[in-house]
Amino acid sequence: GMGVSTVFFDLGGVVFDSPIVLIQSIEKEKGLPPTSLNRGFAKSRAWANLERGKIDVKEFSSAIVAENVLPDSLTEAEVCGIMRRVMTSVKKPRRKMVEAIKRLRRNGYKVGAITNNWREISSIGNKGGKWRNLFDEIIESAVEGVRKPNPKIFEIACERLQCDPKNCIFLDDIGINLKAAQKFGMKTVKVRGDDFDAEKALKNLSQMLKLELIGPALRS
């Protein structure tokens with residue numbers, strides 16, 4: 001459909017359950033104000049450096065506490081513990097996503113991942129992640145030293161998969177990343193936080209490509 005050759009997926013919140021949702025549950029469990037962790041992380045310099053692979057999780061934990069963007073009660077050790085829980089949650093891809101990606105590849109599409117991650121997540125994935133074989137290429141912020149929404153990461157992705165942005169579709173759950181991809185020339189699909197298993201997003205993708213990605217593969 002539409003001259004598309006390549007589909008790029010974000011990982012957390014798209015192929016995997018959202019770390020944002022896990023962090024929300026940790027906020028509740030620790031009695032912290034809602035969004036205090038998610039927002040504090042997102043706006044900190046430490047998070048940007050972590051995702052660019054400049055620092056590791058331990059260095060991040062002390063740097064973010066020093067930045068005073070999190071609730072005062074949180075210690076470095078607690079932040080480190082939270083980060084470990086986020087890391088171990090990146091285990092199993094969503095079943096429907098796995099099926100959809102396999103169908104895309106069987107139908108001749110190239111499939112890549114573009115993820116903002118950390119050094120630790122990258123090395124865990126390299127050791128034990130069978131799911132990595134789902135993709136032709138995985139473009140990781142912590143490896144490239146550049147993160148979404150910086151257009152450079154989309155440029156790297158297109159270079160690796162030898163595709164033109166106008167022949168690509170990109171799925172992500174974060175608006176600013178989608179806007180950046182659109183500006184770079186890609187078509188996009190938003191995966192909403194309440195879209196369990198990303199089923200609605202996959203339906204949209206199916207319509208764009210005129211290819212059944214969920215449900216029975218064959219229509220009589």
# chains A, B, ... in the order shown; residues from 1 in each chain; ligands from 1
>>> select_by_dssp(residues="region 24-152 of chain A", states="alpha helix (DSSP H)", output="PyMOL selection string")
chain A and resi 24-29+36-43+45-51+57-67+76-89+95-106+119-128+141-144+151-152
>>> select_by_dssp(residues="region 91-206 of chain A", states="strand (DSSP E or B)", output="NGL selection string")
:A and (110-115 or 137-140 or 168-172 or 187-190)
>>> atom_distance(atom1="CA of Asn204 (chain A)", atom2="CA of Val4 (chain A)")
14.2 Å
>>> residues_around(residues="Leu209 (chain A)", least_positions_apart="4", cutoff="12 Å", atoms="only C-alpha atoms", output="JSON list (two decimals) with N, CA and C atoms, in the first residue's frame")
[["chain", "number", "residue", "atom", "x", "y", "z"],
["A", 1, "GLY", "N", 0.83, -1.22, 0.00],
["A", 1, "GLY", "CA", 0.00, 0.00, 0.00],
["A", 1, "GLY", "C", 0.86, 1.26, 0.00],
["A", 2, "MET", "N", 0.48, 2.26, -0.77],
["A", 2, "MET", "CA", 1.07, 3.62, -0.75],
["A", 2, "MET", "C", 2.57, 3.67, -0.99],
["A", 3, "GLY", "N", 3.13, 2.68, -1.69],
["A", 3, "GLY", "CA", 4.57, 2.71, -1.93],
["A", 3, "GLY", "C", 5.39, 2.55, -0.67],
["A", 4, "VAL", "N", 4.81, 1.96, 0.39],
["A", 4, "VAL", "CA", 5.55, 1.76, 1.63],
["A", 4, "VAL", "C", 6.46, 0.54, 1.49],
["A", 5, "SER", "N", 7.72, 0.69, 1.92],
["A", 5, "SER", "CA", 8.66, -0.43, 1.86],
["A", 5, "SER", "C", 9.07, -0.89, 3.26],
["A", 6, "THR", "N", 8.94, 0.03, 4.23],
["A", 6, "THR", "CA", 9.55, -0.19, 5.53],
["A", 6, "THR", "C", 8.63, 0.29, 6.65],
["A", 7, "VAL", "N", 8.55, -0.51, 7.72],
["A", 7, "VAL", "CA", 7.79, -0.09, 8.90],
["A", 7, "VAL", "C", 8.72, -0.08, 10.10],
["A", 100, "ALA", "N", 2.01, -9.49, 13.95],
["A", 100, "ALA", "CA", 1.94, -8.46, 12.91],
["A", 100, "ALA", "C", 3.30, -8.26, 12.23],
["A", 103, "ARG", "N", 4.05, -11.10, 9.91],
["A", 103, "ARG", "CA", 3.27, -10.98, 8.67],
["A", 103, "ARG", "C", 3.84, -9.91, 7.74],
["A", 104, "LEU", "N", 4.28, -8.79, 8.33],
["A", 104, "LEU", "CA", 4.90, -7.74, 7.52],
["A", 104, "LEU", "C", 6.10, -8.30, 6.76],
["A", 107, "ASN", "N", 5.38, -10.62, 4.00],
["A", 107, "ASN", "CA", 4.83, -9.91, 2.84],
["A", 107, "ASN", "C", 5.82, -8.94, 2.20],
["A", 108, "GLY", "N", 7.11, -9.10, 2.58],
["A", 108, "GLY", "CA", 8.16, -8.37, 1.87],
["A", 108, "GLY", "C", 8.51, -7.00, 2.41],
["A", 109, "TYR", "N", 7.91, -6.62, 3.55],
["A", 109, "TYR", "CA", 8.29, -5.33, 4.15],
["A", 109, "TYR", "C", 9.55, -5.48, 4.98],
["A", 167, "ASN", "N", 8.71, 6.44, 2.09],
["A", 167, "ASN", "CA", 8.25, 5.06, 1.94],
["A", 167, "ASN", "C", 8.21, 4.31, 3.29],
["A", 168, "CYS", "N", 8.22, 5.10, 4.39],
["A", 168, "CYS", "CA", 8.25, 4.50, 5.72],
["A", 168, "CYS", "C", 7.01, 4.88, 6.54],
["A", 169, "ILE", "N", 6.62, 3.95, 7.40],
["A", 169, "ILE", "CA", 5.62, 4.25, 8.43],
["A", 169, "ILE", "C", 6.28, 4.01, 9.78],
["A", 187, "LYS", "N", 5.34, 8.62, 7.32],
["A", 187, "LYS", "CA", 3.95, 8.53, 7.75],
["A", 187, "LYS", "C", 3.97, 7.92, 9.16],
["A", 189, "VAL", "N", 1.79, 6.33, 12.84],
["A", 189, "VAL", "CA", 0.63, 5.78, 13.53],
["A", 189, "VAL", "C", 0.88, 5.95, 15.03],
["A", 202, "LEU", "N", -2.58, -1.37, 15.22],
["A", 202, "LEU", "CA", -2.31, -2.38, 14.18],
["A", 202, "LEU", "C", -3.44, -2.41, 13.15],
["A", 203, "LYS", "N", -4.67, -2.14, 13.60],
["A", 203, "LYS", "CA", -5.79, -2.04, 12.64],
["A", 203, "LYS", "C", -5.55, -0.87, 11.68],
["A", 204, "ASN", "N", -5.11, 0.26, 12.23],
["A", 204, "ASN", "CA", -4.81, 1.42, 11.38],
["A", 204, "ASN", "C", -3.71, 1.09, 10.38],
["A", 205, "LEU", "N", -2.67, 0.42, 10.86],
["A", 205, "LEU", "CA", -1.56, 0.05, 10.00],
["A", 205, "LEU", "C", -2.05, -0.91, 8.90],
["A", 213, "LEU", "N", -3.16, -7.58, 9.42],
["A", 213, "LEU", "CA", -2.05, -7.85, 10.34],
["A", 213, "LEU", "C", -2.51, -8.51, 11.64]]
>>> closest_residue(among="A:Glu78, A:Gly175, A:Trp118, A:Ser18", to="Arg147 (chain A)", atoms="only C-alpha atoms")
A:Trp118
>>> residues_around(residues="region 176-185 of chain A", least_positions_apart="5", cutoff="10 Å", atoms="only C-alpha atoms", output="list in words")
Asp10, Arg147, Lys148, Pro149, Asn150, Pro151, Lys152, Ile153, Phe154, Glu155, Asp164, Pro165, Lys166, Asn167, Cys168, Ile169, Phe170, Leu171 and Lys190 of chain A
>>> closest_residue(among="A:Ala201, A:Ile26, A:Ala157, A:Ala142", to="Ala48 (chain A)", atoms="only C-alpha atoms")
A:Ala142
>>> atom_distance(atom1="CA of Glu212 (chain A)", atom2="CA of Met97 (chain A)")
12.6 Å
